[in-house]
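Okay, structure first, notes after.
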Amino acid sequence: MDEAISSDFSKLGIETLPEMRENMLFGGALTMSMPPPFVDVSDFRQLSDTQECWADASTDQSIVIEILAHDDEVEDSACAEFYWNDIIQCNDAEGEGDSMISAATREITDHVAALFADAPESNTRVAAPSCWGLTGVQQVAKFKDEDKNTVCVHVAVIRLPCVDSDIVVHFNQPLQISEHSSSALLAHALPAGTVEQGNEFFSAILASLKIRDWGLFSSPNEEEEEDDEDAGAGVAAAGEGCRPYV
């Protein structure tokens, strides 16, 4: 699906956005709209079957979408920070002053409410679908670079207990790129947009996310009938994904 589309983002308070194109994710089971400069990283680098990554080399921005096993032990209100901490580890941003949450976890279910309209019902009692967001800044070095870039990381966790899965989406928005970074030296990347504009863009791509085939996910009902080693084979375990700043 490569035709430009027009989406109504008025409910999000967004007035202007770049041209957006609908891209197929996970073989077309999901779709999400992004500006044309974002390209599929799997065309150049091997990714896991549970991860999609799209990047814009000119700005060094990237969008990562992952399907992970739903973890009942992680409270909804804590799930965004749970995955934020996982991203910190992947980005090797655990040093003092290397990370800071600038906007604490908040519920943003209304941004993706349309996503839940066709959610399958579960025969077991599970929590309702929801979405939680968080924004923060990390100091991250790419690949084997020594110099770190300042990256605003926008995180959203779409919780789908009815299919025993979480969709974790995060948007890496560099605010400052070191002149010695490979992004600057090789791709001549330049930062784009303010944190506020990044928040608007992230809200827009979340609102555009559609689930075309719910068969992509496992469900609690199905897993009760499967052996432990086979259950949830279509998703990665919570906390096992690696989502580095690409």
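Labels for the structure tokens follow display order: chains A, B, ..., residues from 1 in each chain, ligands from 1.
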Could I get the residues of stretch 107-173 of chain A with an atom no further than 7 Å from an atom of stretch 79-103 of chain A, each paired with its nearest atom pair and that distance in Å to one decimal, using only C-alpha atoms, sorted by chain and residue number, as CSV?
residue,atom,partner,partner_atom,distance
A:Trp132,CA,A:Ala80,CA,6.0
A:Gly133,CA,A:Ala80,CA,5.9
A:Leu134,CA,A:Ala103,CA,5.9
A:Thr135,CA,A:Ala103,CA,5.0
A:Gly136,CA,A:Ile101,CA,4.0
A:Val137,CA,A:Met100,CA,5.4
A:Gln138,CA,A:Ser99,CA,4.3
A:Gln139,CA,A:Asp98,CA,4.8
A:Val140,CA,A:Ala93,CA,6.1
A:Val155,CA,A:Ala80,CA,6.6
A:Ala156,CA,A:Ala80,CA,6.4
A:Val157,CA,A:Ala80,CA,5.9
Using C-alpha atoms, can you write the selected residues to a file as a PDB file, in the first residue's frame?
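That gives us part-v1.pdb:
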ATOM      1  CA  TRP A 132      -0.074   3.865  27.779  1.00  0.00           C
ATOM      2  CA  GLY A 133       2.574   6.383  26.767  1.00  0.00           C
ATOM      3  CA  LEU A 134       5.796   7.887  28.085  1.00  0.00           C
ATOM      4  CA  THR A 135       8.400  10.325  26.748  1.00  0.00           C
ATOM      5  CA  GLY A 136      12.017  10.734  27.761  1.00  0.00           C
ATOM      6  CA  VAL A 137      15.510  11.595  26.581  1.00  0.00           C
ATOM      7  CA  GLN A 138      18.478   9.232  26.280  1.00  0.00           C
ATOM      8  CA  GLN A 139      22.140   9.762  25.446  1.00  0.00           C
ATOM      9  CA  VAL A 140      22.873   7.063  22.875  1.00  0.00           C
ATOM     10  CA  VAL A 155       7.043   5.060  23.877  1.00  0.00           C
ATOM     11  CA  ALA A 156       3.521   3.605  23.613  1.00  0.00           C
ATOM     12  CA  VAL A 157       2.361   0.223  24.874  1.00  0.00           C
TER      13      VAL A 157
END
field: alpha helix (DSSP H) per DSSP on the backbone: members of stretch 2-234 of chain A, as number ranges by chain
entry: A: 76-90, 182-186, 195-208, 220-223
Would you output that residue set with C-alpha atoms, as a PDB file, in the first residue's frame?
ATOM      1  CA  ASP A  76      -0.991  -1.157  33.089  1.00  0.00           C
ATOM      2  CA  SER A  77       0.166   2.064  34.732  1.00  0.00           C
ATOM      3  CA  ALA A  78       3.743   0.716  34.904  1.00  0.00           C
ATOM      4  CA  CYS A  79       4.011  -0.936  31.485  1.00  0.00           C
ATOM      5  CA  ALA A  80       5.410   2.060  29.564  1.00  0.00           C
ATOM      6  CA  GLU A  81       8.210   2.572  32.090  1.00  0.00           C
ATOM      7  CA  PHE A  82       8.861  -1.190  32.079  1.00  0.00           C
ATOM      8  CA  TYR A  83       9.603  -1.114  28.347  1.00  0.00           C
ATOM      9  CA  TRP A  84      11.375   2.262  28.636  1.00  0.00           C
ATOM     10  CA  ASN A  85      13.864   0.603  30.996  1.00  0.00           C
ATOM     11  CA  ASP A  86      14.288  -2.231  28.507  1.00  0.00           C
ATOM     12  CA  ILE A  87      15.092   0.285  25.759  1.00  0.00           C
ATOM     13  CA  ILE A  88      17.640   1.942  28.055  1.00  0.00           C
ATOM     14  CA  GLN A  89      19.457  -1.370  28.394  1.00  0.00           C
ATOM     15  CA  CYS A  90      19.389  -2.006  24.639  1.00  0.00           C
ATOM     16  CA  SER A 182      28.312   7.862  11.925  1.00  0.00           C
ATOM     17  CA  SER A 183      24.858   9.350  11.265  1.00  0.00           C
ATOM     18  CA  ALA A 184      26.449  12.741  10.603  1.00  0.00           C
ATOM     19  CA  LEU A 185      29.586  11.510   8.860  1.00  0.00           C
ATOM     20  CA  LEU A 186      27.989   8.906   6.568  1.00  0.00           C
ATOM     21  CA  VAL A 195       9.870  17.464  21.312  1.00  0.00           C
ATOM     22  CA  GLU A 196       6.343  18.875  21.035  1.00  0.00           C
ATOM     23  CA  GLN A 197       6.312  18.249  17.269  1.00  0.00           C
ATOM     24  CA  GLY A 198       7.643  14.758  17.931  1.00  0.00           C
ATOM     25  CA  ASN A 199       4.745  14.157  20.326  1.00  0.00           C
ATOM     26  CA  GLU A 200       2.263  15.246  17.645  1.00  0.00           C
ATOM     27  CA  PHE A 201       3.883  13.040  15.029  1.00  0.00           C
ATOM     28  CA  PHE A 202       3.916  10.059  17.380  1.00  0.00           C
ATOM     29  CA  SER A 203       0.230  10.568  18.202  1.00  0.00           C
ATOM     30  CA  ALA A 204      -0.519  10.632  14.473  1.00  0.00           C
ATOM     31  CA  ILE A 205       1.254   7.396  13.617  1.00  0.00           C
ATOM     32  CA  LEU A 206      -0.373   5.670  16.601  1.00  0.00           C
ATOM     33  CA  ALA A 207      -3.801   6.846  15.462  1.00  0.00           C
ATOM     34  CA  SER A 208      -3.096   5.417  11.995  1.00  0.00           C
ATOM     35  CA  PRO A 220      -5.412 -17.024  26.200  1.00  0.00           C
ATOM     36  CA  ASN A 221      -8.037 -19.509  25.002  1.00  0.00           C
ATOM     37  CA  GLU A 222      -5.692 -21.070  22.458  1.00  0.00           C
ATOM     38  CA  GLU A 223      -2.755 -21.241  24.833  1.00  0.00           C
TER      39      GLU A 223
END
field: Shortest interatomic distance to A:Val74 - which of A:Phe26, A:Ala192, A:Arg159, A:Arg45, counting only C-alpha atoms
entry: A:Arg159
What are the closest atom pairs, with distances in Å to one decimal, for each residue of stretch 79-122 of chain A lying within 7 Å of stretch 161-166 of chain A, using only C-alpha atoms, rows by chain and rising residue number, as CSV?
residue,atom,partner,partner_atom,distance
A:Pro120,CA,A:Cys162,CA,6.7
A:Glu121,CA,A:Cys162,CA,6.4
A:Ser122,CA,A:Cys162,CA,5.5
Selection above as a file: C-alpha atoms, as an mmCIF file, in the first residue's frame:
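result15.cif was written with the following content:
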data_model
loop_
_atom_site.group_PDB
_atom_site.id
_atom_site.type_symbol
_atom_site.label_atom_id
_atom_site.label_comp_id
_atom_site.auth_asym_id
_atom_site.auth_seq_id
_atom_site.Cartn_x
_atom_site.Cartn_y
_atom_site.Cartn_z
ATOM 1 C CA PRO A 120 -11.858 -10.731 19.578
ATOM 2 C CA GLU A 121 -13.668 -11.664 22.760
ATOM 3 C CA SER A 122 -12.030 -13.972 25.258
#
field: Selection: 6 Å around stretch 168-181 of chain A, only C-alpha atoms, excl. self and same-chain fewer than 5 positions, as a ChimeraX atom specification
entry: /A:61-66,149-157,191
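Counting from atom CA of A:Lys144, the distance to atom CA of A:Gly193 is 26.0 Å.
Candidate residues A:Ser130, A:Ser48, A:Ser58, A:Thr124 were compared for distance to A:Thr109, and the nearest is A:Ser130, using only C-alpha atoms.
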query: Among stretch 1-189 of chain A, which residues carry a DSSP assignment of strand (DSSP E), reported as a VMD selection string?
result: chain A and resid 4 to 5 20 to 25 30 to 34 39 to 40 51 to 56 61 to 69 99 to 107 130 to 140 149 to 160 165 to 176
message: Set the distance at 8 Å and use only C-alpha atoms: which residues neighbour A:Pro36 once local chain neighbours fewer than 3 positions away are removed? I'd like the list as a PyMOL selection string.
response: chain A and resi 19-21+39
Counting only C-alpha atoms, the option among A:Asn23, A:Gln46, A:Thr31, A:Asn123 closest to A:Ile211: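 Nearest to A:Ile211: A:Thr31.
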query: Please, what distance in Å, to one decimal, runs between atom CA of A:His70 and atom CA of A:Cys131?
result: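 So the answer is 12.8 Å.
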Residue nearest A:Trp54 - candidates A:Ala114, A:Leu190, A:Ile158, A:Val41, atoms counted: only C-alpha atoms: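 The answer is A:Val41, which sits nearest to A:Trp54.
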query: Taking only C-alpha atoms into account, which of A:Phe44, A:Phe38, A:Phe143, A:Phe116 comes nearest A:Arg212?
result: A:Phe116
